[in-house]
Each structure stands twice: as C-alpha cells, then as structure tokens.
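Read the structure below first, then the notes.
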Amino acid sequence: MISGVAYYPEQWDASLMPKDLDRIVKLGCDTIRIAEFGWHIMERDEGEYDFSFFDKVIEEAKKRGLKVIFGTPTATAPAWLAGRYPDVASKFRDGTVRTFGGRHTCCYSSEVYVDRSRRIVRKLAEHYRDEDAIIAWQIDNELGHEGSDVCWCEKCVAGFRKWLEKKYGDVETLNERYGTAFWSQQYNSFDEINAPNATITVHNPSLRLDWERFCSDKIRDFARMQVDVIKSVIPSAFVIHDFSGGGLSKSLDYCAVARAVDKTAYNNYPVWGGQRKPLEPNEIAFSLDYIRGLKGDNFWITEAIMGAQGHDVTGFVPRPGQAEAWAMQAVARGCDGLVFFRYRGAIKGAEQYCYGLLDADDTEGRKWREAQRFFSRFKELEGKINSPLAAEVCMIYDFDSLASFRLQRQSEMFDGESEMKKLHAAFYRLNVPVDVIPQDSCFEKYKAVIVPNMIICRPAIRERLRTFAAGGGVVVATYRTSVKDEDNNLVFGEKIPVGLTDLFGLTVDESESMWEQKGAKLKGRGSAANKSAYAGVFRERCSVTTAETLYGYDDAFYGDAAAVAKHRYGDGLAYYVGCSPDDSVLDDIAAKVCTFCHIVPCCTPAGVESVVRKGTEGSVRITINHGCEAVAFDGEVLEPYGYRIENL
C-alpha cells in the first residue's frame with residue numbers, strides 16, 4: 001500500500017521544499033509522485049543532463065522516510081527539441097501542426113522524438129539505478145489522452161504503409177481482404193495507400209480499422225520501449241503507467257500498454273471542466289472495474305481529486321466528504337495505493353484551476369483535513385485489501401469492435417462505452433462486482449459473462465462462449481454481436497449472430513437504428529408476461545428457433561419477433577438482448593443471472609454501494625453513501641458521502 005500526493009517542487013521556490021515535505025508527512029503520506037513533467041530541468045539543452053534538482057528532492061524525501069514514484073518526462077518535450085527538430089511535431093487531421101506549448105504534441109512516428117525519449121529514460125535509469133527510495137517508475141503521463149492517440153502527419157502515413165506491408169505481405173492480399181474492387185479502390189503498391197483522412201463520403205471500413213490498430217500499436221511500442229530501457233538498466237524496477245479516463249473511446253488499446261507494465265494506475269476524475277455535476281457513482285465504479293480488469297489485479301490511483309478541476313473552465317466542487325468517498329470507492333473496487341492530485345494547486349501555468357489539497361492561500365483547510373482523515377482510515381486496511389477483488393461476473397470487450405462502431409456507428413444514439421455502462425449498472429445496483437476485461441482474457445473462471453455489442457467476434461471467442469455456456473455458465477450478449485469478420489467486413493452466407501445462432505437459439509432477420517431512448521415499446525412474454533418496458537438506440541427482429549422469447553415489440557411490423565430471448569444451452573443459459581432496453585429489463589436479467597449462478601446480491605438503498613475486499617489478514621465490507629442525504633442501512637445511519645468499514 002502507498003499513500004501519497006503528486007508533488008511538483010520545480011514549480012515553487014526551493015526554500016518551500018523542507019516545509020512542504022514536513023507537511024506531506026503530517027498529512028499521513030509515505031510517498032511522493034514527482035518529475036513527470038520535468039524534462040527541461042533534467043536536460044536544459046540537448047545532451048546536457050543534470051539531475052541534481054531531483055537528487056535534492058529525493059534526498060530531502062528520504063530524510064523524512066518518504067518513498068518516490070518517479071515519472072519519465074516524455075509527455076512534455078522541451079522547447080529546444082521542438083525548435084531544433086520541427087519534424088517531431090504531430091498534426092491534427094486538417095494538417096495543422098500541433099505547436100509547442102501543450103503536452104503530448106510530439107509524434108510517435110518521429111524517430112528523433114523516440115530516440116531522444118529513449119536517451120533521457122536511459123540516462124535517468126542509469127543515474128538512479130541504486131536509488132532504493134524510488135519504489136516505482138511511471139512511464140510518461142496519460143498516453144493517448146486529449147487527442148494525442150492519433151496523428152495525421154506524413155511520418156505516420158509512411159509508417160502506416162510499412163505496417164500494412166508487414167501485416168499483409170503483398171498488396172493483392174490487402175486488396176482481396178479489403179474488397180477494394182468496390183469504388184475502383186484497388187492498389188498497385190502499398191505506396192498508393194493513404195491514411196483515412198477527409199474525403200467525400202467515407203473510406204473503406206477495413207482501411208479505417210487498420211488505421212486504428214496502427215495508431216494504437218505506435219503508442220504501445222513507445223510504452224514498451226520505455227519499459228525495456230528501464231528494466232535493461234534496473235532489472236528489478238517496478239514500472240507503472242497512469243491511464244486517463246475514456247480508454248474505451250480512444251484509438252489506443254489500453255490493454256496493450258497494460259501488458260508492458262507491472263501495475264496499472266488510474267487518474268480518477270469524477271468531475272472535470274465545466275461539468276455541472278459529477279459522474280454517477282455507477283459510472284465511476286465502471287471505470288474502476290475497467291482499470292482493474294486491464295491486468296486482473298489491484299491497481300493504484302495516481303491522481304485522486306479533492307478540489308474542483310479544469311484548465312480554462314472549472315467544474316463542480318466536490319461537497320464535504322464526497323471526494324473522500326470517491327477515494328474510498330476506489331479502494332473498495334481494487335485500489336491498494338492512492339495519490340491525491342495535487343499537494344498544492346498551481347498558481348502559474350495551464351493548471352491554475354486544478355485545485356489541490358492546498359490552494360494558492362497555502363492554508364490547511366477542509367480539503368486538507370479530509371485527505372488526512374482518508375489516509376488515516378486507509379492505513380487501517382493494510383493486509384485486508386491486498387488480494388484481488390473476487391468477482392463472479394465479467395464483461396468482455398474488444399478494441400476492434402469498439403473501433404468498428406466508432407467508425408460506423410449505425411445509430412446516431414450509439415456509444416459503445418455507454419452501452420457497456422448500462423449493462424454494468426444492472427449488476428452494480430445489486431452490489432455484484434463485475435470484472436471488465438479484454439476479450440482474450442480468461443473468462444472461464446467466472447459464473448457469467450456479459451458480451452456487449454461485440455460486432456467483431458472471432459471464431460475462437462465464439463467457441464469459448466459455447467463451451468462456457470455448455471459447462472453451466474451464463475452468457476448475456478446484446479444486439480449487433482458477431483456481425484463482422486476481423487477485417488471489418490460482413491460475412492457472406494451466414495445468419496447473424498454469425499457462428500452463434502445455436503448458442504442463442506435464434507437468428508437476426510433485420511435491424512434498424514432508432515432516434516429515441518424510448519422509441520420502442522416492449523411487451524413481456526412467456527415467463528416475463530404482463531411486463532412492459534421500452535427500448536431505443538437500436539432494435540433487431542429476432543426469429544427464435546429453440547429460444548424462449550422474454551420480450552417482444554409492441555409493433556405490427558415486428559409481429560412475433562423477439563426483442564429479448566433466453567436459451568438453455570447445455571448446463572448453462574444464453575440471453576440475447578436485441579435492443580437497448582430500459583433499466584427494468586436489464587435489472588430483470590441481472591437478477592435472473594444471479595439466481596441461476598447462485599450469486600448472492602447485497603440489497604442496499606439507492607445511492608449506497610457495498611463491496612467486500614479480502615486480504616491476507618482478514619476481510620472487510622466497505623459501504624458508501626454516495627448521496628447528499630443521510631441514509632439508514634443495516635441498523636446504522638450513513639451520513640451524506642459517509643462510509644463504513646466493517647471487519648468480516
């Protein structure tokens with residue numbers, strides 16, 4: 001376990017450092033996170049390395065028993081690099097150069113940028129190879145964030161061509177798999193292929209998906225380079241990366257980066273910028289479950305907020321106790337190390353409105369005391385939260401499928417991450433943990449697997465799902481699952497869901513997008529008779545063969561077609577949800593899954609979350625009231641944003 005703050009002493013007068021570190025200890029911290037944006041301080045000009053400033057920080061930290069998370073500074077390359085080598089700059093889609101001044105403005109296809117990054121990472125590792133105070137190396141900062149996951153420069157186009165040639169071998173194979181006979185798009189060489197930039201109508205879907213994969217691979221390789229350099233110098237080094245939110249909507253596969261590091265970390269921002277209110281607790285929980293699922297293990301929070309956040313526009317101020325509740329929610333869902341962002345809010349630079357534990361007045365106020373209280377309670381959990389959270393349900397997702405939907409949404413209302421959150425929320429309301437994991441992870445250890453909108457469903461996954469259900473597991477899949485092949489093309493001569501019609505006991509005959517969240521009325525049938533609900537986003541006309549229809553459409557055109565069906569398969573069950581139904585339907589399915597799988601929910605009032613954590617020294621139940629009013633639960637009153645830790 002670690003308890004810490006993000007600390008940027010380079011942004012303040014050096015005379016403040018001793019007092020700052022003393023206060024950090026008084027706060028209850030044992031760790032500081034430093035240096036991630038300090039490239040110019042470390043290398044004032046090309047090849048002139050000087051780590052003396054951070055030597056002093058580490059020296060002063062060690063005097064106080066503080067440990068260090070040291071960040072490689074590659075997210076913010078210095079002005080001399082941008083000025084001397086203009087070609088390192090990345091470009092927006094319209095060709096505009098991303099000028100020096102922000103962050104992540106360099107292109108991962110730039111040999112100069114990658115080489116200079118490699119050099120400084122190696123120099124840092126060599127300089128600190130014997131520094132025991134450094135307990136973790138953080139590579140870069142929030143890779144792929146704020147649009148940096150995609151660059152449209154000439155270097156990337158050239159790199160894309162090489163990537164395609166390596167994948168397909170010859171251009172005729174690419175032509176065949178892409179179907180370039182359509183619109184006379186056949187290529188005579190890889191040099192004729194461009195990035196899918198602006199055109200009239202749209203580019204070939206296979207080309208567009210490969211571009212997404214290429215963009216992800218560039219950043220994955222950049223991350224792996226840093227890890228490899230550090231470990232080549234310090235074989236025992238513990239390496240992390242701090243992921244930003246929104247990973248399921250980026251042209252970067254977080255899983256690929258996570259596999260390169262020893263531990264995942266997450267920067268948790270339930271409210272940001274101009275948000276009028278924070279994310280709902282179930283949405284925050286989903287993101288935490290997603291980060292936990294990247295490696296299937298506990299994770300760190302490297303940026304936990306306490307105050308309002310924003311660059312030019314600030315958002316909602318967390319109410320007393322609310323940010324502490326968010327921190328404890330992270331602990332409940334798998335966090336075993338937490339760092340608040342930041343020790344003191346900046347008074348200069350782009351993040352003046354990213355408030356810290358201390359504001360510009362440098363006064364220890366409400367936020368400071370709240371963080372201090374959290375750290376005190378957090379340390380009491382040592383030995384009771386060091387085992388991975390034990391979930392019996394998982395949700396699998398696929399980078400290619402999410403990308404395919406981003407490229408061809410099919411419904412103006414469709415958002416892949418939002419649909420995943422809806423399904424996840426049904427189990428969240430039952431306080432049943434869900435591991436959100438990549439599709440190539442092992443899901444056979446779970447009792448139920450949720451498969452949301454996996455439009456590209458490879459044969460290997462289809463077979464695993466059938467085997468899982470036949471062995472007694474429950475599969476819940478939603479509309480537009482198993483529609484396309486791995487090249488993002490429709491499958492000839494096969495009924496949808498391709499290769500899974502036997503598992504679900506139905507076929508999809510037709511489908512249409514919708515423009516309202518409650519655009520279609522559903523009518524319960526069979527075991528769901530007399531129930532009614534609504535659906536939106538998308539709907540499919542499903543013809544059951546051996547399945548039982550649970551809900552149909554109240555629509556003459558759809559007739560007897562199923563909207564939601566259940567099918568007995570071997571010793572297990574398979575649910576197919578051919579639309580985006582309201583919560584009542586999803587709650588019904590979640591409850592049925594739990595009953596079949598002998599999963600015991602924990603019933604709590606609305607707004608109250610309860611999770612069990614286990615460790616080598618016992619177990620605890622963490623119960624949190626996310627509401628602004630007191631709630632009675634289990635014989636006690638939980639104050640607004642209050643929480644209870646119960647030893648089991």
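Every chain in the structure tokens has a letter given in the order shown (A, B, ...), and although residue numbers restart at 1 in each chain, ligands are simply numbered from 1 in the order shown.
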
Mind checking which residues fall within 9 Å of segment 572-589 of chain A, counting only C-alpha atoms, ignoring those fewer than 3 positions away in the same chain, and posting them as a VMD selection string? chain A and resid 419 422 to 423 425 to 427 429 to 430 468 to 480 503 to 506 508 511 517 to 518 520 522 532 to 542 547 551 562 to 569 592 to 594 596

Atoms kept (C-alpha atoms) for selection, written as a PDB file, in the first residue's frame:
ATOM      1  CA  GLU A 419     -23.993   0.678 -23.602  1.00  0.00           C
ATOM      2  CA  LYS A 422     -25.883   0.330 -18.799  1.00  0.00           C
ATOM      3  CA  LEU A 423     -25.288  -3.398 -18.529  1.00  0.00           C
ATOM      4  CA  ALA A 425     -25.116  -0.740 -13.806  1.00  0.00           C
ATOM      5  CA  ALA A 426     -27.695  -3.514 -13.505  1.00  0.00           C
ATOM      6  CA  PHE A 427     -25.211  -5.583 -11.513  1.00  0.00           C
ATOM      7  CA  ARG A 429     -27.395  -1.902  -8.321  1.00  0.00           C
ATOM      8  CA  LEU A 430     -27.242  -5.418  -6.838  1.00  0.00           C
ATOM      9  CA  PHE A 468     -18.603 -21.777 -21.266  1.00  0.00           C
ATOM     10  CA  ALA A 469     -22.389 -21.974 -21.512  1.00  0.00           C
ATOM     11  CA  ALA A 470     -22.428 -25.717 -22.100  1.00  0.00           C
ATOM     12  CA  GLY A 471     -20.430 -26.142 -18.904  1.00  0.00           C
ATOM     13  CA  GLY A 472     -23.015 -24.302 -16.811  1.00  0.00           C
ATOM     14  CA  GLY A 473     -22.126 -20.637 -17.276  1.00  0.00           C
ATOM     15  CA  VAL A 474     -24.424 -17.819 -18.355  1.00  0.00           C
ATOM     16  CA  VAL A 475     -23.738 -15.711 -21.444  1.00  0.00           C
ATOM     17  CA  VAL A 476     -25.522 -12.377 -21.917  1.00  0.00           C
ATOM     18  CA  ALA A 477     -24.971 -10.815 -25.352  1.00  0.00           C
ATOM     19  CA  THR A 478     -26.500  -7.703 -26.858  1.00  0.00           C
ATOM     20  CA  TYR A 479     -27.515  -6.508 -30.306  1.00  0.00           C
ATOM     21  CA  ARG A 480     -25.021  -6.337 -33.199  1.00  0.00           C
ATOM     22  CA  LEU A 503     -25.892 -20.758 -28.663  1.00  0.00           C
ATOM     23  CA  PHE A 504     -28.693 -18.198 -28.578  1.00  0.00           C
ATOM     24  CA  GLY A 505     -31.356 -20.286 -30.289  1.00  0.00           C
ATOM     25  CA  LEU A 506     -32.310 -17.534 -32.734  1.00  0.00           C
ATOM     26  CA  VAL A 508     -31.463 -11.880 -36.534  1.00  0.00           C
ATOM     27  CA  SER A 511     -32.281  -4.455 -37.779  1.00  0.00           C
ATOM     28  CA  GLN A 517     -34.006   6.212 -25.930  1.00  0.00           C
ATOM     29  CA  LYS A 518     -37.597   5.019 -25.518  1.00  0.00           C
ATOM     30  CA  ALA A 520     -39.968   1.247 -28.986  1.00  0.00           C
ATOM     31  CA  LEU A 522     -41.579  -3.847 -25.328  1.00  0.00           C
ATOM     32  CA  SER A 532     -43.770  -3.869 -20.288  1.00  0.00           C
ATOM     33  CA  ALA A 533     -40.712  -1.746 -20.975  1.00  0.00           C
ATOM     34  CA  TYR A 534     -39.051   0.476 -23.556  1.00  0.00           C
ATOM     35  CA  ALA A 535     -36.031   0.275 -25.825  1.00  0.00           C
ATOM     36  CA  GLY A 536     -34.036   2.607 -28.022  1.00  0.00           C
ATOM     37  CA  VAL A 537     -30.720   3.163 -29.855  1.00  0.00           C
ATOM     38  CA  PHE A 538     -31.116   0.026 -31.984  1.00  0.00           C
ATOM     39  CA  ARG A 539     -33.503  -2.890 -32.423  1.00  0.00           C
ATOM     40  CA  GLU A 540     -33.350  -6.217 -34.195  1.00  0.00           C
ATOM     41  CA  ARG A 541     -36.049  -8.565 -35.483  1.00  0.00           C
ATOM     42  CA  CYS A 542     -35.042 -11.878 -33.948  1.00  0.00           C
ATOM     43  CA  ALA A 547     -35.021 -19.988 -27.504  1.00  0.00           C
ATOM     44  CA  TYR A 551     -39.837  -9.611 -24.558  1.00  0.00           C
ATOM     45  CA  ALA A 562     -38.202 -11.447 -30.177  1.00  0.00           C
ATOM     46  CA  ALA A 563     -36.503  -8.431 -28.646  1.00  0.00           C
ATOM     47  CA  VAL A 564     -35.016 -10.334 -25.691  1.00  0.00           C
ATOM     48  CA  ALA A 565     -34.680 -14.115 -25.555  1.00  0.00           C
ATOM     49  CA  LYS A 566     -33.366 -16.796 -23.209  1.00  0.00           C
ATOM     50  CA  HIS A 567     -31.962 -20.125 -24.351  1.00  0.00           C
ATOM     51  CA  ARG A 568     -30.944 -23.215 -22.434  1.00  0.00           C
ATOM     52  CA  TYR A 569     -27.595 -24.410 -23.782  1.00  0.00           C
ATOM     53  CA  LYS A 592     -32.157 -13.993 -13.133  1.00  0.00           C
ATOM     54  CA  VAL A 593     -28.425 -14.441 -13.791  1.00  0.00           C
ATOM     55  CA  CYS A 594     -27.629 -14.141 -10.094  1.00  0.00           C
ATOM     56  CA  PHE A 596     -29.154 -19.218 -11.749  1.00  0.00           C
TER      57      PHE A 596
END

Give me, as a ChimeraX atom specification, the residues of segment 263-412 of chain A that a backbone DSSP run labels alpha helix (DSSP H). /A:281-295,322-332,366-379,399-407

Return the single residue from A:Gly179, A:Leu209, A:Ile230, A:Glu646 that is closest to Arg119 of chain A, with distances computed using only C-alpha atoms. A:Ile230

Which residue, A:Arg84, A:Arg98, A:Lys250, A:Arg116, has the smallest gap to Glu43 of chain A when you use only C-alpha atoms? A:Arg116

List the neighbours of segment 375-379 of chain A out to 10 Å using only C-alpha atoms; skip same-chain residues closer than 5 positions along the sequence, and give me the result as a ChimeraX atom specification. /A:1-4,27-30,324,327-328,331,336-339,369-370,385,645

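Across the structure, atom CA of Gly307 of chain A and atom CA of Leu638 of chain A are spaced 22.7 Å apart.
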
Using DSSP on the backbone coordinates, identify all residues within segment 119-329 of chain A classified as strand (DSSP E or B); present the result as a PyMOL selection string. chain A and resi 134-138+239-243+263-268+299-305

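With only C-alpha atoms as the atoms that count, the minimum distance from Leu402 of chain A to the choices A:Leu294, A:Lys277, A:Leu252, A:Gly321 is reached by A:Leu252.
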
Can you tell me which residues surround Gln439 of chain A at a distance of at most 10 Å, considering only C-alpha atoms, apart from same-chain residues fewer than 6 positions away, and format the answer as a PyMOL selection string? chain A and resi 395-399+451+454+457-458+461

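Among the candidate residues A:Val498, A:Met514, A:Ile200, A:Ala371, the one lying nearest to Arg409 of chain A is A:Met514, with distances computed using only C-alpha atoms.
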
Pick the closest to Tyr254 of chain A from A:Val313, A:Ile622, A:Ile496, A:Ile291: which is it, counting only C-alpha atoms?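 Among A:Val313, A:Ile622, A:Ile496, A:Ile291, it is A:Ile291 that comes nearest to Tyr254 of chain A.
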
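Residues in contact with Glu111 of chain A at 10 Å, where only C-alpha atoms are counted and same-chain residues fewer than 5 positions away are skipped, are listed as Asp87, Val88, Arg116, Ser117 and Lys155 of chain A.
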
Can you tell me, as a list in words, what residues are no more than 7 Å from Val611 of chain A when counting only C-alpha atoms, ignoring any on the same chain fewer than 3 positions away? Ala332, Asn431, Arg621, Ile622 and Thr623 of chain A

Near-Thr180 of chain A list (10 Å; only C-alpha atoms; drop same-chain fewer than 5 positions) as a tab-separated table (two decimals) with N, CA and C atoms, in the first residue's frame:
chain	number	residue	atom	x	y	z
A	172	GLU	N	-1.87	-7.44	-53.12
A	172	GLU	CA	-3.04	-8.16	-53.63
A	172	GLU	C	-3.82	-8.83	-52.50
A	174	LEU	N	-4.04	-7.60	-49.51
A	174	LEU	CA	-4.79	-6.49	-48.92
A	174	LEU	C	-6.02	-6.16	-49.76
A	175	ASN	N	-5.84	-6.07	-51.07
A	175	ASN	CA	-6.97	-5.77	-51.95
A	175	ASN	C	-8.12	-6.76	-51.76
A	185	GLN	N	-11.09	0.88	-55.92
A	185	GLN	CA	-10.07	1.31	-54.97
A	185	GLN	C	-8.85	0.38	-54.93
A	186	GLN	N	-8.70	-0.49	-55.95
A	186	GLN	CA	-7.56	-1.40	-55.92
A	186	GLN	C	-6.23	-0.64	-55.94
A	187	TYR	N	-5.27	-1.18	-55.17
A	187	TYR	CA	-3.94	-0.57	-55.09
A	187	TYR	C	-2.94	-1.43	-55.86
A	204	ASN	N	-12.87	3.08	-46.93
A	204	ASN	CA	-13.10	1.66	-46.77
A	204	ASN	C	-13.05	1.28	-45.28
A	206	SER	N	-12.36	-1.45	-43.74
A	206	SER	CA	-11.19	-2.25	-43.36
A	206	SER	C	-9.96	-1.37	-43.21
A	207	LEU	N	-9.82	-0.41	-44.10
A	207	LEU	CA	-8.71	0.54	-44.01
A	207	LEU	C	-8.82	1.36	-42.73

Atom pair atom CA of Asp149 of chain A + atom CA of Ala75 of chain A, distance 12.4 Å

So how many Å separate atom CA of Ala360 of chain A and atom CA of Asp312 of chain A, to one decimal?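 Straight-line distance from atom CA of Ala360 of chain A to atom CA of Asp312 of chain A works out to 16.7 Å.
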